[in-house]
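Colleague: Provided herewith is a single structure, encoded as structure tokens, for subsequent inquiry.
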Number of protein chains: 2
Amino acid sequence: MLLYDNALSGNCYKVRLLASHLGLELERRELDVVDRSNRAEVLGGLNPALRVPVLVLDDGRALAESNAILYYLADGTEYFPSEGFERAQVVQWLMFEQYSHEPNVATPRFWLHFGIEVDPSVLAERQRLGGLALAALDEHLAGRVFLVGDRYSIADISLYAYTHVADEGGFDIGQYASIRAWLGRVKERPGYVPITG
Amino acid sequence: MLLYDNALSGNCYKVRLLASHLGLELERRELDVVDRSNRAEVLGGLNPALRVPVLVLDDGRALAESNAILYYLADGTEYFPSEGFERAQVVQWLMFEQYSHEPNVATPRFWLHFGIEVDPSVLAERQRLGGLALAALDEHLAGRVFLVGDRYSIADISLYAYTHVADEGGFDIGQYASIRAWLGRVKERPGYVPITG
């Protein structure tokens with residue numbers, strides 16, 4: 001399988017992490033996340049949103065959206081539950097990740113890492129919302145081992161991707177004790193690879 | 001089942017529309033979407049993000065995130081595919097909806113409807129991104145009957161919710177011929193109910 005990838009992107013890292021857990025080989029094709037001028041040329045026809053990651057199967061069919069790729073690879077494995085309500089709970093966290101967490105935790109990291117100039121009030125508002133998302137995550141993890149059914153799943157993989165590098169977006173993860181303990185548990189899973197891997 | 005609901009919210013409408021297709025009875029409890037001061041009190045413990053909709057099952061378990069509720073109710077019915085790749089394609093569109101479409105198509109409608117003051121440049125930027133999302137949707141629908149596998153699914157229900165009222169957010173749907181035809185097809189589905197229903 002071919003992954004349109006970016007080494008720094010947490011969304012791409014989600015796919016690499018799950019593939020490593022599953023022992024799947026991925027051919028990686030790196031795309032620039034700042035200069036996007038070739039996106040329509042490279043990803044047109046593969047992803048209507050022109051974003052990475054995109055997974056291209058060996059038969060040429062393409063799948064976009066990081067959490068949909070996780071769902072595709074994980075369904076039927078130990079990384080996605082078999083029971084209906086738990087399945088939906090995993091999807092709930094995947095939706096939370098893309099709506100409440102990623103735009104507010106990942107985007108400040110992106111701006112700060114690449115030195116992209118934004119209005120300070122825009123950055124501060126994203127960080128405020130990112131803090132709310134992290135607090136909600138921390139509260140849910142209190143007394144839990146993993147996000148759903150106390151079993152490691154793609155919900156954890158999805159939320160881990162940008163939470164474990166949230167400090168690069170100006171967040172202080174040190175204040176979230178339940179998140180910190182959970183980050184440690186994810187790192188201990190067999191097949192774990194770092195975002196830089 | 002009990003739905004924490006709002007009559008104007010497209011996210012809540014998604015659940016009401018699918019429930020109508022499936023012939024499911026929902027008890028509706030209306031929450032204010034402007035004055036959110038009672039959210040923690042009412043939704044705390046039910047949804048970490050404190051947003052509507054939230055579905056509470058008869059046994060008391062709660063599910064949040066509109067698209068996760070759709071997934072829960074549709075899996076195993078004709079509104080969600082049985083084949084693995086098509087299932088993931090539906091999830092891809094659910095993710096697109098919450099990341100690229102809803103924040104940029106629904107939010108301007110929300111601001112304009114309730115007369116919420118925002119910086120004109122902020123509104124314009126959302127409308128620009130919303131236009132990109134609508135154009136991507138329109139391009140995908142060209143030559144297709146429905147979003148995935150030419151069968152009506154929760155991908156269509158999810159994208160329909162805010163697309164069919166996009167004019168209230170300052171978008172001109174008239175310019176998207178494939179979207180217009182698809183909106184008409186959704187409206188003809190058995191069990192269809194309007195957002196005001």
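Starting from 1 in every chain, residues are counted up; chains themselves are A, B, ... following the order of the structure tokens, and ligands are numbered from 1 as listed.
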Give me, as JSON lines, the closest atom pair and its distance (Å, one decimal) for every residue of region 65-160 of chain B within a cut-off of 9 Å of region 22-40 of chain B, counting only C-alpha atoms, rows sorted by chain and rising number.

Modeller:
```
{"residue": "B:Leu73", "atom": "CA", "partner": "B:Leu22", "partner_atom": "CA", "distance": 8.6}
{"residue": "B:Ala74", "atom": "CA", "partner": "B:Leu22", "partner_atom": "CA", "distance": 8.5}
{"residue": "B:Thr77", "atom": "CA", "partner": "B:Leu22", "partner_atom": "CA", "distance": 8.6}
{"residue": "B:Phe114", "atom": "CA", "partner": "B:Val34", "partner_atom": "CA", "distance": 8.0}
```

Colleague: Could those residues be written to a file, using all heavy atoms, as a JSON list (two decimals), in the first residue's frame?

Modeller:
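Result file follows (again-v3.json):
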```json
[["chain", "number", "residue", "atom", "x", "y", "z"],
["B", 73, "LEU", "N", -26.68, 4.14, 14.91],
["B", 73, "LEU", "CA", -28.04, 3.77, 14.52],
["B", 73, "LEU", "C", -28.09, 3.08, 13.16],
["B", 73, "LEU", "O", -28.98, 2.28, 12.89],
["B", 73, "LEU", "CB", -28.94, 5.03, 14.48],
["B", 73, "LEU", "CG", -29.16, 5.74, 15.82],
["B", 73, "LEU", "CD1", -29.98, 7.01, 15.60],
["B", 73, "LEU", "CD2", -29.86, 4.82, 16.84],
["B", 74, "ALA", "N", -27.11, 3.39, 12.27],
["B", 74, "ALA", "CA", -27.19, 2.90, 10.89],
["B", 74, "ALA", "C", -26.48, 1.57, 10.67],
["B", 74, "ALA", "O", -26.84, 0.84, 9.73],
["B", 74, "ALA", "CB", -26.59, 3.94, 9.94],
["B", 77, "THR", "N", -27.96, -1.61, 9.03],
["B", 77, "THR", "CA", -29.15, -1.25, 8.25],
["B", 77, "THR", "C", -28.72, -0.88, 6.83],
["B", 77, "THR", "O", -27.53, -0.81, 6.53],
["B", 77, "THR", "CB", -29.92, -0.06, 8.86],
["B", 77, "THR", "OG1", -29.23, 1.16, 8.52],
["B", 77, "THR", "CG2", -30.03, -0.17, 10.38],
["B", 114, "PHE", "N", -28.35, 34.15, 14.17],
["B", 114, "PHE", "CA", -28.54, 34.69, 15.51],
["B", 114, "PHE", "C", -27.99, 36.10, 15.64],
["B", 114, "PHE", "O", -27.98, 36.66, 16.74],
["B", 114, "PHE", "CB", -27.92, 33.77, 16.56],
["B", 114, "PHE", "CG", -28.68, 32.48, 16.74],
["B", 114, "PHE", "CD1", -28.19, 31.28, 16.22],
["B", 114, "PHE", "CD2", -29.90, 32.45, 17.40],
["B", 114, "PHE", "CE1", -28.89, 30.09, 16.37],
["B", 114, "PHE", "CE2", -30.61, 31.27, 17.56],
["B", 114, "PHE", "CZ", -30.11, 30.09, 17.03]]
```

Colleague: Using only C-alpha atoms, find the residues of chain B whose closest atom to chain A is at most 7 Å away, then write them as a VMD selection string.

Modeller: chain B and resid 48 to 49 63 to 65 68 71 to 72 84 to 85 88 to 89 91 to 92 95 98 to 99 136

Colleague: Which residue, A:Arg185, A:Arg128, A:Arg51, A:Arg109, has the smallest gap to Ala166 (chain A) when you use only C-alpha atoms?

Modeller: A:Arg109

Colleague: How many Å separate CA of Ile154 (chain A) from CA of Tyr79 (chain A)?

Modeller: 5.8 Å

Colleague: Output as a PyMOL selection string all residues of region 2-168 of chain A that backbone DSSP marks as alpha helix (DSSP H).

Modeller: chain A and resi 10-22+39-43+66-74+84-96+107-113+120-141+154-163

Colleague: Would you pick out the contacts of region 169-173 of chain A at 7 Å or less, using only C-alpha atoms, so that residues sharing its chain but fewer than 6 positions from it are not included, and give the list as a PyMOL selection string?

Modeller: chain A and resi 105-106+108-109+112+180
